[in-house]
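**Q** Got final35.tsv for you, TSV, C-alpha atoms:
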```tsv
chain	number	residue	atom	x	y	z
Z	1	MET	CA	-95.36	-27.14	-15.40
Z	2	LYS	CA	-98.39	-29.04	-16.67
Z	3	GLU	CA	-99.96	-31.89	-14.69
Z	4	ILE	CA	-102.28	-34.46	-16.21
Z	5	ILE	CA	-104.25	-36.94	-14.07
Z	6	ILE	CA	-105.16	-40.19	-15.81
Z	7	THR	CA	-108.85	-41.11	-15.65
Z	8	GLU	CA	-110.59	-44.48	-15.83
Z	9	LYS	CA	-111.26	-43.95	-19.51
Z	10	ASN	CA	-107.64	-43.19	-20.39
Z	11	LYS	CA	-105.90	-45.91	-18.39
Z	12	ASP	CA	-104.34	-49.17	-19.62
Z	13	GLN	CA	-102.03	-47.60	-22.20
Z	14	ARG	CA	-98.28	-47.13	-22.24
Z	15	LEU	CA	-96.97	-43.79	-21.08
Z	16	ASP	CA	-94.94	-43.21	-24.24
Z	17	LYS	CA	-97.96	-43.85	-26.48
Z	18	PHE	CA	-99.98	-41.39	-24.42
Z	19	LEU	CA	-97.23	-38.78	-24.74
Z	20	PHE	CA	-96.91	-39.26	-28.51
Z	21	ARG	CA	-100.59	-38.31	-28.88
Z	22	LEU	CA	-100.40	-35.47	-26.37
Z	23	LEU	CA	-97.19	-33.95	-27.74
Z	24	ASN	CA	-98.24	-34.58	-31.31
Z	25	ASN	CA	-95.85	-32.01	-32.80
Z	26	ALA	CA	-92.79	-33.43	-31.01
Z	27	SER	CA	-90.66	-36.27	-32.36
Z	28	ASN	CA	-90.62	-39.61	-30.56
Z	29	SER	CA	-86.91	-39.18	-29.87
Z	30	PHE	CA	-87.61	-35.82	-28.20
Z	31	VAL	CA	-90.23	-37.41	-25.93
Z	32	TYR	CA	-87.78	-40.15	-24.85
Z	33	LYS	CA	-85.10	-37.53	-24.25
Z	34	MET	CA	-87.44	-35.57	-21.98
Z	35	LEU	CA	-88.24	-38.77	-20.07
Z	36	ARG	CA	-84.52	-39.52	-19.59
Z	37	LYS	CA	-83.89	-35.98	-18.35
Z	38	LYS	CA	-86.91	-36.15	-15.99
Z	39	ASN	CA	-88.51	-33.21	-17.76
Z	40	ILE	CA	-91.48	-35.56	-17.95
Z	41	THR	CA	-92.23	-37.65	-14.85
Z	42	LEU	CA	-94.79	-40.26	-13.84
Z	43	ASN	CA	-95.95	-39.98	-10.22
Z	44	ASP	CA	-92.90	-37.74	-9.59
Z	45	LYS	CA	-90.53	-40.51	-10.71
Z	46	LYS	CA	-88.40	-41.14	-13.75
Z	47	SER	CA	-89.93	-43.45	-16.37
Z	48	ASP	CA	-88.65	-45.03	-19.58
Z	49	GLY	CA	-92.13	-44.68	-21.10
Z	50	LYS	CA	-93.06	-48.36	-20.91
Z	51	ASP	CA	-95.17	-48.04	-17.76
Z	52	ILE	CA	-98.86	-48.90	-18.19
Z	53	LEU	CA	-100.96	-46.00	-16.96
Z	54	LYS	CA	-103.48	-46.48	-14.17
Z	55	ALA	CA	-106.38	-44.29	-13.08
Z	56	GLY	CA	-105.09	-41.58	-10.75
Z	57	ASP	CA	-101.54	-41.55	-12.16
Z	58	SER	CA	-99.94	-38.12	-12.35
Z	59	ILE	CA	-97.93	-37.05	-15.39
Z	60	LYS	CA	-95.95	-33.85	-14.94
Z	61	ILE	CA	-94.44	-32.05	-17.91
Z	62	TRP	CA	-91.81	-29.48	-16.97
Z	63	PHE	CA	-91.99	-27.25	-20.08
Z	64	SER	CA	-92.58	-23.55	-20.41
Z	65	ASP	CA	-96.10	-22.64	-21.52
Z	66	GLU	CA	-94.76	-21.59	-24.94
Z	67	THR	CA	-92.91	-24.88	-25.46
Z	68	TYR	CA	-95.87	-26.95	-24.29
Z	69	ASP	CA	-98.28	-25.06	-26.57
Z	70	SER	CA	-95.99	-25.50	-29.58
Z	71	PHE	CA	-95.87	-29.27	-29.10
Z	72	THR	CA	-99.62	-29.69	-28.50
Z	73	LYS	CA	-101.00	-27.70	-31.40
Z	74	ILE	CA	-104.24	-29.29	-32.63
Z	75	ASP	CA	-105.05	-29.61	-36.31
Z	76	ILE	CA	-108.82	-29.24	-36.71
Z	77	LYS	CA	-110.37	-29.12	-40.16
Z	78	PRO	CA	-111.69	-25.58	-40.85
Z	79	LYS	CA	-115.43	-25.45	-40.33
Z	80	LYS	CA	-115.98	-23.87	-43.75
Z	81	SER	CA	-114.61	-26.93	-45.55
Z	82	VAL	CA	-116.41	-29.35	-43.22
Z	83	LYS	CA	-119.77	-27.67	-43.61
Z	84	SER	CA	-119.44	-27.85	-47.37
Z	85	GLU	CA	-119.87	-31.61	-46.98
Z	86	GLN	CA	-123.01	-33.51	-45.93
Z	87	SER	CA	-124.04	-33.09	-42.29
Z	88	ILE	CA	-123.32	-35.84	-39.82
Z	89	ASN	CA	-126.26	-38.20	-39.24
Z	90	VAL	CA	-126.11	-39.45	-35.65
Z	91	VAL	CA	-128.34	-42.47	-34.94
Z	92	TYR	CA	-127.07	-43.27	-31.43
Z	93	GLU	CA	-124.95	-41.50	-28.83
Z	94	ASP	CA	-123.96	-41.93	-25.19
Z	95	GLU	CA	-120.97	-40.86	-23.07
Z	96	ASP	CA	-118.69	-43.50	-24.63
Z	97	VAL	CA	-119.94	-44.17	-28.14
Z	98	ILE	CA	-121.39	-42.35	-31.12
Z	99	ILE	CA	-122.85	-44.19	-34.12
Z	100	ILE	CA	-123.20	-42.44	-37.46
Z	101	ASN	CA	-125.15	-43.36	-40.60
Z	102	LYS	CA	-122.63	-42.58	-43.34
Z	103	PRO	CA	-123.84	-41.66	-46.83
Z	104	ALA	CA	-122.21	-43.18	-49.89
Z	105	GLY	CA	-119.46	-40.95	-51.29
Z	106	LEU	CA	-118.03	-39.86	-47.93
Z	107	LEU	CA	-114.69	-41.17	-46.63
Z	108	SER	CA	-114.56	-42.89	-43.24
Z	109	GLN	CA	-111.07	-41.51	-42.56
Z	110	ASN	CA	-108.86	-39.07	-44.44
Z	111	ALA	CA	-106.71	-40.42	-47.25
Z	112	ASP	CA	-105.16	-37.01	-48.03
Z	113	LYS	CA	-104.76	-33.89	-45.91
Z	114	ASP	CA	-107.42	-31.97	-47.85
Z	115	ASP	CA	-110.06	-34.70	-47.51
Z	116	VAL	CA	-113.16	-34.26	-45.39
Z	117	SER	CA	-114.17	-37.49	-43.68
Z	118	VAL	CA	-116.54	-38.89	-41.07
Z	119	ASN	CA	-113.78	-38.24	-38.54
Z	120	ASP	CA	-113.75	-34.52	-39.35
Z	121	LEU	CA	-117.54	-34.28	-39.18
Z	122	LEU	CA	-117.47	-36.16	-35.87
Z	123	ILE	CA	-114.93	-33.83	-34.24
Z	124	ASN	CA	-116.76	-30.70	-35.38
Z	125	TYR	CA	-120.12	-32.09	-34.26
Z	126	LEU	CA	-118.77	-32.77	-30.76
Z	127	LEU	CA	-117.08	-29.34	-30.56
Z	128	ASP	CA	-120.15	-27.47	-31.85
Z	129	ASN	CA	-122.42	-29.19	-29.33
Z	130	GLY	CA	-120.14	-28.58	-26.34
Z	131	LYS	CA	-119.49	-32.31	-25.84
Z	132	LEU	CA	-115.78	-31.86	-26.46
Z	133	THR	CA	-113.23	-29.10	-26.04
Z	134	GLU	CA	-110.01	-28.54	-27.93
Z	135	LYS	CA	-108.19	-29.31	-24.67
Z	136	ASP	CA	-109.90	-32.74	-24.60
Z	137	LEU	CA	-108.40	-33.50	-28.01
Z	138	LEU	CA	-104.93	-33.42	-26.47
Z	139	ILE	CA	-105.79	-36.47	-24.37
Z	140	TYR	CA	-107.84	-38.43	-26.88
Z	141	LYS	CA	-109.18	-37.60	-30.34
Z	142	PRO	CA	-112.47	-39.43	-30.97
Z	143	SER	CA	-112.21	-41.65	-34.01
Z	144	VAL	CA	-114.09	-44.31	-35.95
Z	145	VAL	CA	-113.32	-47.91	-35.00
Z	146	ASN	CA	-114.80	-49.56	-38.10
Z	147	ARG	CA	-114.52	-48.33	-41.66
Z	148	LEU	CA	-116.70	-48.53	-44.73
Z	149	ASP	CA	-115.57	-48.06	-48.31
Z	150	ARG	CA	-116.14	-44.55	-49.61
Z	151	ASN	CA	-118.99	-45.72	-51.85
Z	152	THR	CA	-120.62	-47.94	-49.20
Z	153	SER	CA	-123.21	-46.38	-46.90
Z	154	GLY	CA	-124.27	-47.31	-43.41
Z	155	LEU	CA	-123.37	-47.51	-39.76
Z	156	ILE	CA	-119.98	-46.39	-38.51
Z	157	ILE	CA	-119.10	-46.66	-34.82
Z	158	ALA	CA	-116.80	-44.13	-33.15
Z	159	ALA	CA	-115.32	-44.12	-29.65
Z	160	LYS	CA	-115.30	-41.02	-27.46
Z	161	ASN	CA	-112.50	-42.26	-25.21
Z	162	LEU	CA	-109.55	-44.64	-25.38
Z	163	LYS	CA	-111.08	-47.39	-23.24
Z	164	ALA	CA	-114.17	-47.49	-25.44
Z	165	ALA	CA	-111.95	-47.63	-28.54
Z	166	GLN	CA	-109.99	-50.57	-27.13
Z	167	ILE	CA	-113.12	-52.57	-26.24
Z	168	LEU	CA	-114.88	-51.86	-29.53
Z	169	SER	CA	-111.81	-52.71	-31.59
Z	170	GLU	CA	-111.48	-55.99	-29.73
Z	171	GLY	CA	-115.15	-56.70	-30.39
Z	172	PHE	CA	-114.65	-56.35	-34.13
Z	173	ARG	CA	-111.52	-58.53	-34.01
Z	174	ASP	CA	-113.10	-61.36	-32.00
Z	175	ARG	CA	-116.45	-61.06	-33.84
Z	176	THR	CA	-118.57	-60.43	-30.75
Z	177	ILE	CA	-119.91	-57.33	-32.51
Z	178	ASN	CA	-122.03	-58.46	-35.47
Z	179	LYS	CA	-122.61	-56.36	-38.60
Z	180	TYR	CA	-125.41	-56.91	-41.10
Z	181	TYR	CA	-125.71	-55.37	-44.55
Z	182	LYS	CA	-128.37	-55.02	-47.20
Z	183	CYS	CA	-127.28	-55.17	-50.81
Z	184	LEU	CA	-128.80	-55.32	-54.26
Z	185	VAL	CA	-127.19	-57.81	-56.64
Z	186	HIS	CA	-127.60	-58.79	-60.26
Z	187	GLY	CA	-129.33	-62.16	-60.69
Z	188	HIS	CA	-131.90	-64.19	-58.78
Z	189	VAL	CA	-130.80	-65.52	-55.39
Z	190	ASN	CA	-133.33	-68.14	-54.32
Z	191	GLU	CA	-131.76	-69.42	-51.11
Z	192	GLY	CA	-129.33	-68.34	-48.43
Z	193	GLN	CA	-125.86	-69.71	-47.96
Z	194	ASN	CA	-122.79	-69.52	-45.76
Z	195	ILE	CA	-119.84	-69.22	-48.14
Z	196	LYS	CA	-116.16	-69.50	-47.26
Z	197	GLY	CA	-112.93	-68.85	-49.09
Z	198	PHE	CA	-109.61	-67.04	-49.11
Z	199	LEU	CA	-109.03	-63.43	-50.08
Z	200	VAL	CA	-105.87	-62.24	-51.84
Z	201	LYS	CA	-105.19	-58.53	-52.20
Z	202	ASP	CA	-103.30	-56.88	-55.06
Z	203	ASN	CA	-101.86	-53.72	-53.55
Z	204	LYS	CA	-101.06	-52.25	-56.98
Z	205	THR	CA	-104.67	-52.31	-58.15
Z	206	ASN	CA	-106.31	-52.14	-54.68
Z	207	LYS	CA	-108.40	-55.10	-55.78
Z	208	VAL	CA	-108.95	-58.49	-54.18
Z	209	SER	CA	-109.65	-61.93	-55.58
Z	210	VAL	CA	-111.33	-64.95	-53.98
Z	211	SER	CA	-109.83	-68.43	-54.00
Z	212	ASN	CA	-110.90	-71.80	-52.63
Z	213	ARG	CA	-107.42	-72.47	-51.25
Z	214	ASP	CA	-104.87	-70.64	-49.14
Z	215	ASP	CA	-101.71	-69.84	-51.08
Z	216	GLY	CA	-99.92	-68.67	-47.93
Z	217	ASN	CA	-100.69	-64.98	-48.46
Z	218	ALA	CA	-104.48	-65.12	-48.28
Z	219	ASP	CA	-106.99	-64.17	-45.57
Z	220	TYR	CA	-109.74	-66.58	-44.60
Z	221	ILE	CA	-113.19	-65.11	-45.24
Z	222	GLU	CA	-116.70	-66.18	-44.32
Z	223	THR	CA	-119.88	-64.51	-45.56
Z	224	GLU	CA	-123.48	-65.46	-44.81
Z	225	TYR	CA	-126.40	-64.19	-46.86
Z	226	LYS	CA	-130.11	-64.72	-47.40
Z	227	PRO	CA	-132.52	-63.35	-49.99
Z	228	LEU	CA	-135.11	-60.78	-48.86
Z	229	GLU	CA	-136.82	-59.96	-52.14
Z	230	ILE	CA	-136.60	-60.60	-55.90
Z	231	ILE	CA	-136.87	-57.34	-57.85
Z	232	ASP	CA	-137.07	-57.88	-61.61
Z	233	ASP	CA	-133.70	-59.36	-62.59
Z	234	LYS	CA	-132.10	-58.48	-59.25
Z	235	SER	CA	-132.14	-59.69	-55.64
Z	236	LEU	CA	-132.16	-57.80	-52.36
Z	237	LEU	CA	-130.03	-59.65	-49.81
Z	238	GLU	CA	-129.22	-59.47	-46.11
Z	239	VAL	CA	-125.55	-60.23	-45.56
Z	240	HIS	CA	-123.97	-61.13	-42.23
Z	241	LEU	CA	-120.30	-60.20	-42.38
Z	242	ILE	CA	-118.71	-62.92	-40.25
Z	243	THR	CA	-115.12	-61.98	-41.08
Z	244	GLY	CA	-114.37	-58.41	-42.06
Z	245	LYS	CA	-111.78	-58.06	-44.82
Z	246	THR	CA	-111.22	-55.46	-47.52
Z	247	HIS	CA	-113.97	-55.57	-50.20
Z	248	GLN	CA	-115.09	-58.94	-48.80
Z	249	ILE	CA	-118.82	-58.74	-49.55
Z	250	ARG	CA	-118.27	-57.24	-53.00
Z	251	ALA	CA	-115.66	-59.77	-54.11
Z	252	HIS	CA	-117.24	-62.80	-52.45
Z	253	LEU	CA	-120.69	-62.31	-54.00
Z	254	ALA	CA	-119.18	-61.49	-57.39
Z	255	SER	CA	-117.14	-64.71	-57.23
Z	256	ILE	CA	-120.33	-66.81	-57.06
Z	257	GLY	CA	-122.05	-64.93	-59.88
Z	258	PHE	CA	-124.01	-62.28	-57.98
Z	259	PRO	CA	-122.11	-58.96	-58.33
Z	260	LEU	CA	-123.41	-55.90	-56.52
Z	261	CYS	CA	-125.35	-53.37	-58.54
Z	262	GLY	CA	-123.26	-50.22	-58.93
Z	263	ASP	CA	-119.99	-52.03	-58.22
Z	264	HIS	CA	-118.01	-51.33	-61.36
Z	265	LYS	CA	-114.79	-52.74	-59.90
Z	266	TYR	CA	-116.07	-56.28	-59.25
Z	267	GLY	CA	-119.28	-56.23	-61.25
Z	268	ILE	CA	-120.61	-54.68	-64.46
Z	269	LYS	CA	-121.36	-51.20	-65.71
Z	270	ASP	CA	-124.93	-50.22	-64.85
Z	271	LYS	CA	-127.06	-47.19	-63.97
Z	272	TYR	CA	-126.12	-46.91	-60.29
Z	273	LYS	CA	-123.74	-44.17	-59.13
Z	274	TYR	CA	-122.61	-46.04	-56.01
Z	275	GLN	CA	-122.42	-49.72	-55.12
Z	276	CYS	CA	-125.72	-50.87	-53.60
Z	277	LEU	CA	-124.32	-51.89	-50.24
Z	278	HIS	CA	-125.49	-50.54	-46.88
Z	279	CYS	CA	-124.50	-51.54	-43.33
Z	280	TYR	CA	-127.97	-51.35	-41.80
Z	281	LYS	CA	-127.67	-53.20	-38.46
Z	282	VAL	CA	-125.06	-53.68	-35.71
Z	283	VAL	CA	-125.65	-56.05	-32.78
Z	284	PHE	CA	-123.59	-55.51	-29.62
Z	285	PRO	CA	-122.78	-58.08	-26.91
Z	286	LYS	CA	-123.31	-57.66	-23.18
Z	287	TYR	CA	-120.99	-55.18	-21.41
Z	288	THR	CA	-120.75	-54.88	-17.63
Z	289	ASP	CA	-118.09	-52.19	-17.10
Z	290	ILE	CA	-117.80	-49.45	-19.69
Z	291	LEU	CA	-120.12	-49.39	-22.77
Z	292	THR	CA	-123.16	-50.36	-20.71
Z	293	GLY	CA	-125.17	-47.86	-22.76
Z	294	ILE	CA	-125.02	-50.10	-25.85
Z	295	SER	CA	-124.92	-53.41	-23.96
Z	296	GLU	CA	-127.00	-56.02	-25.85
Z	297	LYS	CA	-128.47	-53.32	-28.10
Z	298	THR	CA	-129.24	-53.59	-31.81
Z	299	ILE	CA	-128.71	-50.34	-33.71
Z	300	TYR	CA	-130.31	-49.71	-37.12
Z	301	GLY	CA	-129.40	-47.22	-39.82
Z	302	ASP	CA	-131.95	-46.71	-42.60
Z	303	MET	CA	-130.90	-46.30	-46.21
Z	304	GLU	CA	-131.31	-42.73	-47.37
Z	305	LYS	CA	-132.33	-43.62	-50.93
Z	306	SER	CA	-134.06	-46.59	-52.51
Z	307	TRP	CA	-132.04	-48.73	-54.93
Z	308	THR	CA	-135.16	-49.77	-56.78
```
Translate the structure described by the file into structure tokens.
**A**
Amino acid sequence: MKEIIITEKNKDQRLDKFLFRLLNNASNSFVYKMLRKKNITLNDKKSDGKDILKAGDSIKIWFSDETYDSFTKIDIKPKKSVKSEQSINVVYEDEDVIIINKPAGLLSQNADKDDVSVNDLLINYLLDNGKLTEKDLLIYKPSVVNRLDRNTSGLIIAAKNLKAAQILSEGFRDRTINKYYKCLVHGHVNEGQNIKGFLVKDNKTNKVSVSNRDDGNADYIETEYKPLEIIDDKSLLEVHLITGKTHQIRAHLASIGFPLCGDHKYGIKDKYKYQCLHCYKVVFPKYTDILTGISEKTIYGDMEKSWT
């Protein structure tokens, strides 16, 4: 029998969702069957899996050690393949949050099983530094809560526990966490603007287009920018991403005649290998419970290479 005690940082989730992550090699139907048969209990009572877990709750799993181990096998990217990629660049870390400065060319999350992503680098960094054990990964696997395009560099925020992930994700949804980018665009931008529109995605081409009207399938977008410097025939901008939609900055600026340098999808062919877009600043709101370490902090991530 295995007993798991729910902590403050793993509460406020449904029992079945917790079990799906824990017994990651078991089918959902198997988990529900074990609940019905009371081979899995919550506080020594039968549960249908819909109970919301509270701190101090006891989950007992009445499996043999061999069965339990077979259902909780952890898939960790081999260190040889991870170390062949660029090292993780940590710019901030506390007990709840880790913030990474991602280089252009690295995935935020895996698209295919053989990919190496920020998530893989994160897990191996925490394991190598003794901040995480493989047993911990059965309860919660730290993961990024905001993503950047593969060819965009900059700050990525990851949560070390479920409660932190929930609060951070909510902050990105309700826009209480503010992200600022620097980008280099073709053309002279002489004044700042707040531009609005609607974004339509073509799933076949993985490309978006900007419209002035909502056709019923569009997402509202809002982007604020200001010029920082004129560099020859280009402009360096600071962009405040007010809404956060797929390719928003790239498509929105291109739609008003200022495509990003290096953005061959929405712009023009030029000398740059990657799009000149970097998430350089994240501003956090006030937190009073968990996440007090980053409460009202502004985190910066410097660009690794100059675009000029």
**Q** Which polymer residues have any atom within 7 Å of an atom of range 167-177 of chain Z, counting only C-alpha atoms, with same-chain residues fewer than 3 positions away left out, as a list in words?
**A**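 My list of contacting residues is Val145, Lys163, Ala164, Val283, Phe284 and Pro285 of chain Z.
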**Q** Using 10 Å as the limit and counting all atoms listed in the file, can you tabulate each residue of range 178-222 of chain Z that touches range 287-305 of chain Z, with its shortest atom-to-atom distance in Å and the two atoms involved, as a Markdown table?
**A**
```
| residue | atom | partner | partner_atom | distance |
| --- | --- | --- | --- | --- |
| Z:Asn178 | CA | Z:Thr298 | CA | 9.4 |
| Z:Lys179 | CA | Z:Ile299 | CA | 9.9 |
| Z:Tyr180 | CA | Z:Tyr300 | CA | 9.6 |
| Z:Lys182 | CA | Z:Met303 | CA | 9.1 |
```
**Q** For range 24-29 of chain Z, find every residue with an atom within 10 Å (counting all atoms listed in the file), except residues of its own chain fewer than 5 positions away, and show them as a PyMOL selection string.
**A** chain Z and resi 16-19+34-35+68-75+138
**Q** Skip Leu122 in chain Z itself and residues of its chain fewer than 6 positions away, then list as a ChimeraX atom specification all residues within 8 Å of it, counting all atoms listed in the file.
**A** /Z:88,142-143
**Q** Centre and edge lengths of an axis-aligned box around all listed atoms of range 278-282 of chain Z, with 8 Å added on each side, are to be given in Å to one decimal, as lines of an AutoDock Vina configuration file.
**A**
```
center_x = -126.2
center_y = -52.1
center_z = -41.3
size_x = 19.5
size_y = 19.1
size_z = 27.2
```
**Q** So the first atom is CA of Gly105 in chain Z and the second is CA of Ser235 in chain Z; what is the distance between them in Å, to one decimal place?
**A** 23.0 Å
**Q** Could you state the separation of CA of Asn10 in chain Z and CA of Gly154 in chain Z in Å, given to one decimal place?
**A** 28.7 Å
**Q** Ranking Z:Glu66, Z:Glu3, Z:Glu224, Z:Asp263 by minimum distance to Asn39 in chain Z and counting all atoms listed in the file, which one comes first?
**A**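 Looking at the shortest contact to Asn39 in chain Z, the residue is Z:Glu3.
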**Q** Mind checking which residues fall within 12 Å of Phe198 in chain Z, counting all atoms listed in the file, ignoring those fewer than 3 positions away in the same chain, and posting them as an MDAnalysis selection string?
**A** chainID Z and resid 195 201 208:223 243 245:246 248 251:252 255
**Q** Kindly provide the residues of range 141-200 of chain Z that approach range 275-279 of chain Z to within 10 Å, each paired with its closest atom pair and their distance in Å to one decimal, based on only C-alpha atoms, listed by chain and increasing number, as a tab-separated table.
**A**
```
residue	atom	partner	partner_atom	distance
Z:Leu148	CA	Z:Cys279	CA	8.5
Z:Asp149	CA	Z:Leu277	CA	9.7
Z:Arg150	CA	Z:Gln275	CA	9.8
Z:Asn151	CA	Z:Gln275	CA	6.2
Z:Thr152	CA	Z:Leu277	CA	5.5
Z:Ser153	CA	Z:His278	CA	4.7
Z:Gly154	CA	Z:Cys279	CA	4.2
Z:Leu155	CA	Z:Cys279	CA	5.5
Z:Ile156	CA	Z:Cys279	CA	8.4
Z:Lys179	CA	Z:Cys279	CA	7.0
Z:Tyr180	CA	Z:Cys279	CA	5.9
Z:Tyr181	CA	Z:Cys279	CA	4.2
Z:Lys182	CA	Z:His278	CA	5.3
Z:Cys183	CA	Z:Leu277	CA	4.5
Z:Leu184	CA	Z:Cys276	CA	5.5
Z:Val185	CA	Z:Cys276	CA	7.7
```
**Q** Nearest to Gly262 in chain Z: which of Z:Ala165, Z:Ala159, Z:Ala104, Z:Leu127 is it, counting only C-alpha atoms?
**A** Z:Ala104
**Q** Go through Z:Asp232, Z:Val97, Z:Lys226, Z:Lys273 and flag the residue nearest Leu253 in chain Z, using all atoms listed in the file for the distances.
**A** Z:Lys226
**Q** Which value, in Å to one decimal, gives the distance between CA of Asn101 in chain Z and CA of Ile157 in chain Z?
**A**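 So the two atoms, CA of Asn101 in chain Z and CA of Ile157 in chain Z, lie 9.0 Å apart.
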**Q** Write out as a ChimeraX atom specification the residues lying within 7 Å of Ser58 in chain Z, counting all atoms listed in the file and excluding same-chain residues fewer than 2 positions away.
**A** /Z:3-6,42-43,56,60
